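A short worksheet on the structure shown next.
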Amino acid sequence: MRRLLTASRLITATIVAALVAPEFGSAETTTAETEHGPIRVETLVTGLTQPVALAFLPDGRMIIAERSTGRISLLEIGSRTWTALAGAPEMLTNAECEVPDGACGLQDLKLHPDFAGNGWVYVCYTEGPAHYSTLVVDRLRLDGTALVDRERLFEADARAEDVYHLGGRMVFAQGHLFLTIGDRHHRDRAQDNTNHAGTILRMTEDGGVPPDNPFVGEEGVLPEIYSFGHRNPQGLVYRPDAGELWSHEHGPAHGDELNRIVAGGNYGWPRVSFGWEYGGGAIGRGLWGEKGMERPIKVWVRAIAPSDLVYYDGAMFPAWRGSFLLGSMSRIHLNRLRIENDQPVLEERILQGTAGRVRALAVDAAGAVYLGADTGHVLRLTPAEGWR
């Protein structure tokens with residue numbers, strides 16, 4: 001599947017420069033209360049267009065990826081200098097689809113675990129005509145202020161005529177690349193493993209199929225599939241202390257889920273769900289569970305529309321260690337969730353009503369927490385005086 005792509009497929013520096021440049025926030029900070037005391041909330045950048053992914057280079061600079069435009073930028077936080085990277089992939093956007101509320105564009109960006117040695121940046125985005133789009137994964141090498149040597153690693157067999165339920169989150173874990181694929185707004189595809197829709201995939205770092213994947217050699221099942229029965233997974237993280245993969249996904253009308261992902265697991269959609277039809281009524285037979293299907297660890301019966309997911313083990317907020325952090329797009333907050341013995345024991349809603357539709361999360365080497373929201377800003381959270 002891997003191939004080197006030509007420069008003719010890249011956005012030119014002229015087009016990138018034509019996009020409106022973001023602005024830097026004030027050096028002043030506000031504070032917000034949490035269960036463990038006040039935190040500082042600093043606005044680093046405003047004027048972005050749906051920051052969907054944040055990643056830190058070894059030297060402390062931040063890469064910001066914007067979904068709606070596909071722009072990828074470098075931010076030097078100390079000097080507040082911003083540079084749009086040349087060579088970002090051309091992609092299908094909502095503007096091209098003429099669907100302002102669609103999900104097209106850049107879905108995620110991750111650095112290779114050995115980025116310091118190889119410079120690889122992995123991006124997942126939508127490609128194809130608007131009436132027949134799918135998700136693809138490329139990797140590019142960061143060279144100064146340009147992305148070069150682009151290679152196509154993977155193209156999902158999940159094409160659809162609309163631009164919803166894409167998934168598209170990635171994580172590196174145990175020498176593999178995992179990727180979420182939504183059901184593409186065709187729910188029955190999530191139980192049909194002859195395609196990638198409604199699955200979480202496990203690949204090698206160059207897009208190949210690991211020989212120990214759970215369905216390798218099984219007739220009629222695509223070999224990249226690691227788990228299936230997912231609706232629209234919008235968060236994916238590896239928990240290193242437990243050696244576990246976790247994901248959350250959107251339910252229909254309510255019924256959002258947090259799941260621990262196991263090899264070969266069937267997560268039920270659309271045969272079982274804690275949500276219900278948007279127009280009222282049960283999903284399928286109205287069952288919450290079925291033999292042979294994995295049950296969620298946490299369910300939000302009043303949906304929060306979760307987005308992005310990190311497992312906090314930083315030093316700056318000791319009381320948060322061992323917690324999942326996830327964004328809420330519909331309830332507009334940062335959600336802190338603690339799971340013990342497969343049971344939710346704590347849920348805290350931080351910056352309730354003030355964070356915007358939180359879409360991207362990151363933690364720097366010191367343990368500060370960063371949020372990117374659909375309002376176009378990036379926030380940095382650090383402890384304030386009195387935090388404990």
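Following the order of the structure tokens, chains are lettered A, B, ..., residues in each are numbered from 1, and ligands are numbered from 1.
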Practice task
Write out as a ChimeraX atom specification each polymer residue whose atoms come within 10 Å of Thr199 of chain A, counting only C-alpha atoms; drop sequence neighbours fewer than 6 positions from it.
Solution key: /A:158,167,179-183,189-193,224-233,265-267
Would you pick out the contacts of Thr69 of chain A at 9 Å or less, using only C-alpha atoms, so that residues sharing its chain but fewer than 4 positions from it are not included, and give the list as a tab-separated table (two decimals) with all heavy atoms, in the first residue's frame?
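Output below, filename around-v2.tsv:
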chain	number	residue	atom	x	y	z
A	19	LEU	N	-4.25	31.64	3.88
A	19	LEU	CA	-5.14	31.42	5.01
A	19	LEU	C	-4.91	32.49	6.07
A	19	LEU	O	-3.81	33.00	6.23
A	19	LEU	CB	-4.89	30.04	5.62
A	19	LEU	CG	-5.17	28.85	4.70
A	19	LEU	CD1	-4.72	27.57	5.38
A	19	LEU	CD2	-6.62	28.76	4.30
A	49	THR	N	-8.81	27.39	12.92
A	49	THR	CA	-10.05	26.80	12.40
A	49	THR	C	-10.10	25.34	12.82
A	49	THR	O	-9.47	24.49	12.23
A	49	THR	CB	-10.12	26.91	10.87
A	49	THR	OG1	-8.97	26.29	10.30
A	49	THR	CG2	-10.16	28.36	10.42
A	50	GLN	N	-10.81	25.09	13.89
A	50	GLN	CA	-10.98	23.74	14.44
A	50	GLN	C	-9.64	23.03	14.67
A	50	GLN	O	-9.32	22.05	13.98
A	50	GLN	CB	-11.86	22.89	13.51
A	50	GLN	CG	-13.32	23.28	13.54
A	50	GLN	CD	-14.16	22.30	12.74
A	50	GLN	OE1	-13.81	21.91	11.63
A	50	GLN	NE2	-15.28	21.90	13.30
A	65	ALA	N	-2.55	21.08	14.14
A	65	ALA	CA	-3.24	20.65	12.92
A	65	ALA	C	-4.67	21.16	12.98
A	65	ALA	O	-5.35	21.00	14.01
A	65	ALA	CB	-3.21	19.14	12.78
A	91	MET	N	-6.44	17.80	0.63
A	91	MET	CA	-7.45	16.89	1.16
A	91	MET	C	-8.85	17.39	0.87
A	91	MET	O	-9.05	18.56	0.49
A	91	MET	CB	-7.26	16.70	2.67
A	91	MET	CG	-7.43	17.95	3.49
A	91	MET	SD	-6.87	17.72	5.22
A	91	MET	CE	-5.10	17.51	5.01
A	93	THR	N	-12.25	18.80	1.97
A	93	THR	CA	-12.72	19.61	3.09
A	93	THR	C	-14.22	19.80	3.00
A	93	THR	O	-14.85	19.53	1.97
A	93	THR	CB	-12.05	20.99	3.10
A	93	THR	OG1	-12.46	21.73	1.93
A	93	THR	CG2	-10.52	20.86	3.11
A	94	ASN	N	-14.82	20.30	4.08
A	94	ASN	CA	-16.25	20.54	4.09
A	94	ASN	C	-16.65	21.59	3.06
A	94	ASN	O	-17.74	21.54	2.50
A	94	ASN	CB	-16.70	21.00	5.48
A	94	ASN	CG	-16.64	19.88	6.49
A	94	ASN	OD1	-16.74	18.72	6.15
A	94	ASN	ND2	-16.45	20.23	7.76
A	95	ALA	N	-15.75	22.55	2.81
A	95	ALA	CA	-16.06	23.58	1.81
A	95	ALA	C	-16.24	22.95	0.44
A	95	ALA	O	-17.15	23.32	-0.32
A	95	ALA	CB	-14.95	24.61	1.78
A	105	GLY	N	-11.81	16.71	6.26
A	105	GLY	CA	-10.59	17.45	6.53
A	105	GLY	C	-9.56	16.61	7.24
A	105	GLY	O	-9.55	15.37	7.15
A	106	LEU	N	-8.69	17.27	7.99
A	106	LEU	CA	-7.62	16.60	8.71
A	106	LEU	C	-8.18	16.04	10.01
A	106	LEU	O	-8.75	16.78	10.81
A	106	LEU	CB	-6.49	17.61	8.98
A	106	LEU	CG	-5.07	17.06	9.13
A	106	LEU	CD1	-4.06	18.19	8.98
A	106	LEU	CD2	-4.87	16.35	10.43
Exercise for the section: For Phe154 of chain A, list every protein, DNA or RNA residue within 12 Å, evaluated using only C-alpha atoms, and leave out those in the same chain fewer than 2 positions away; present the list as a PyMOL selection string. Expected result: chain A and resi 1-3+122-127+134-139+151-152+156-158+168+177-179+196+201-209+224
Please, which residues in segment 134-212 of chain A fall within 12 Å of segment 78-83 of chain A when counting only C-alpha atoms, and what is the closest atom pair and distance in Å to one decimal for each, ordered by chain then residue number, as a Markdown table?
| residue | atom | partner | partner_atom | distance |
| --- | --- | --- | --- | --- |
| A:Gly144 | CA | A:Thr83 | CA | 10.4 |
| A:Thr145 | CA | A:Thr83 | CA | 7.2 |
| A:Ala146 | CA | A:Thr83 | CA | 9.8 |
Expected file contents, prior selection, C-alpha atoms, as a tab-separated table (two decimals), in the first residue's frame:
chain	number	residue	atom	x	y	z
A	144	GLY	CA	12.80	22.79	8.79
A	145	THR	CA	9.50	24.49	7.98
A	146	ALA	CA	8.38	22.02	5.33
Practice task
Could you please write out, as a list in words, every residue of segment 64-288 of chain A that DSSP assigns to helix (DSSP H, G or I)?
Solution key: Asn94, Ala95, Glu96, Cys97, Phe115, Ala116, Gly117, Asn118, Arg187, Asp188, Arg189, Ala190 and Gln191 of chain A
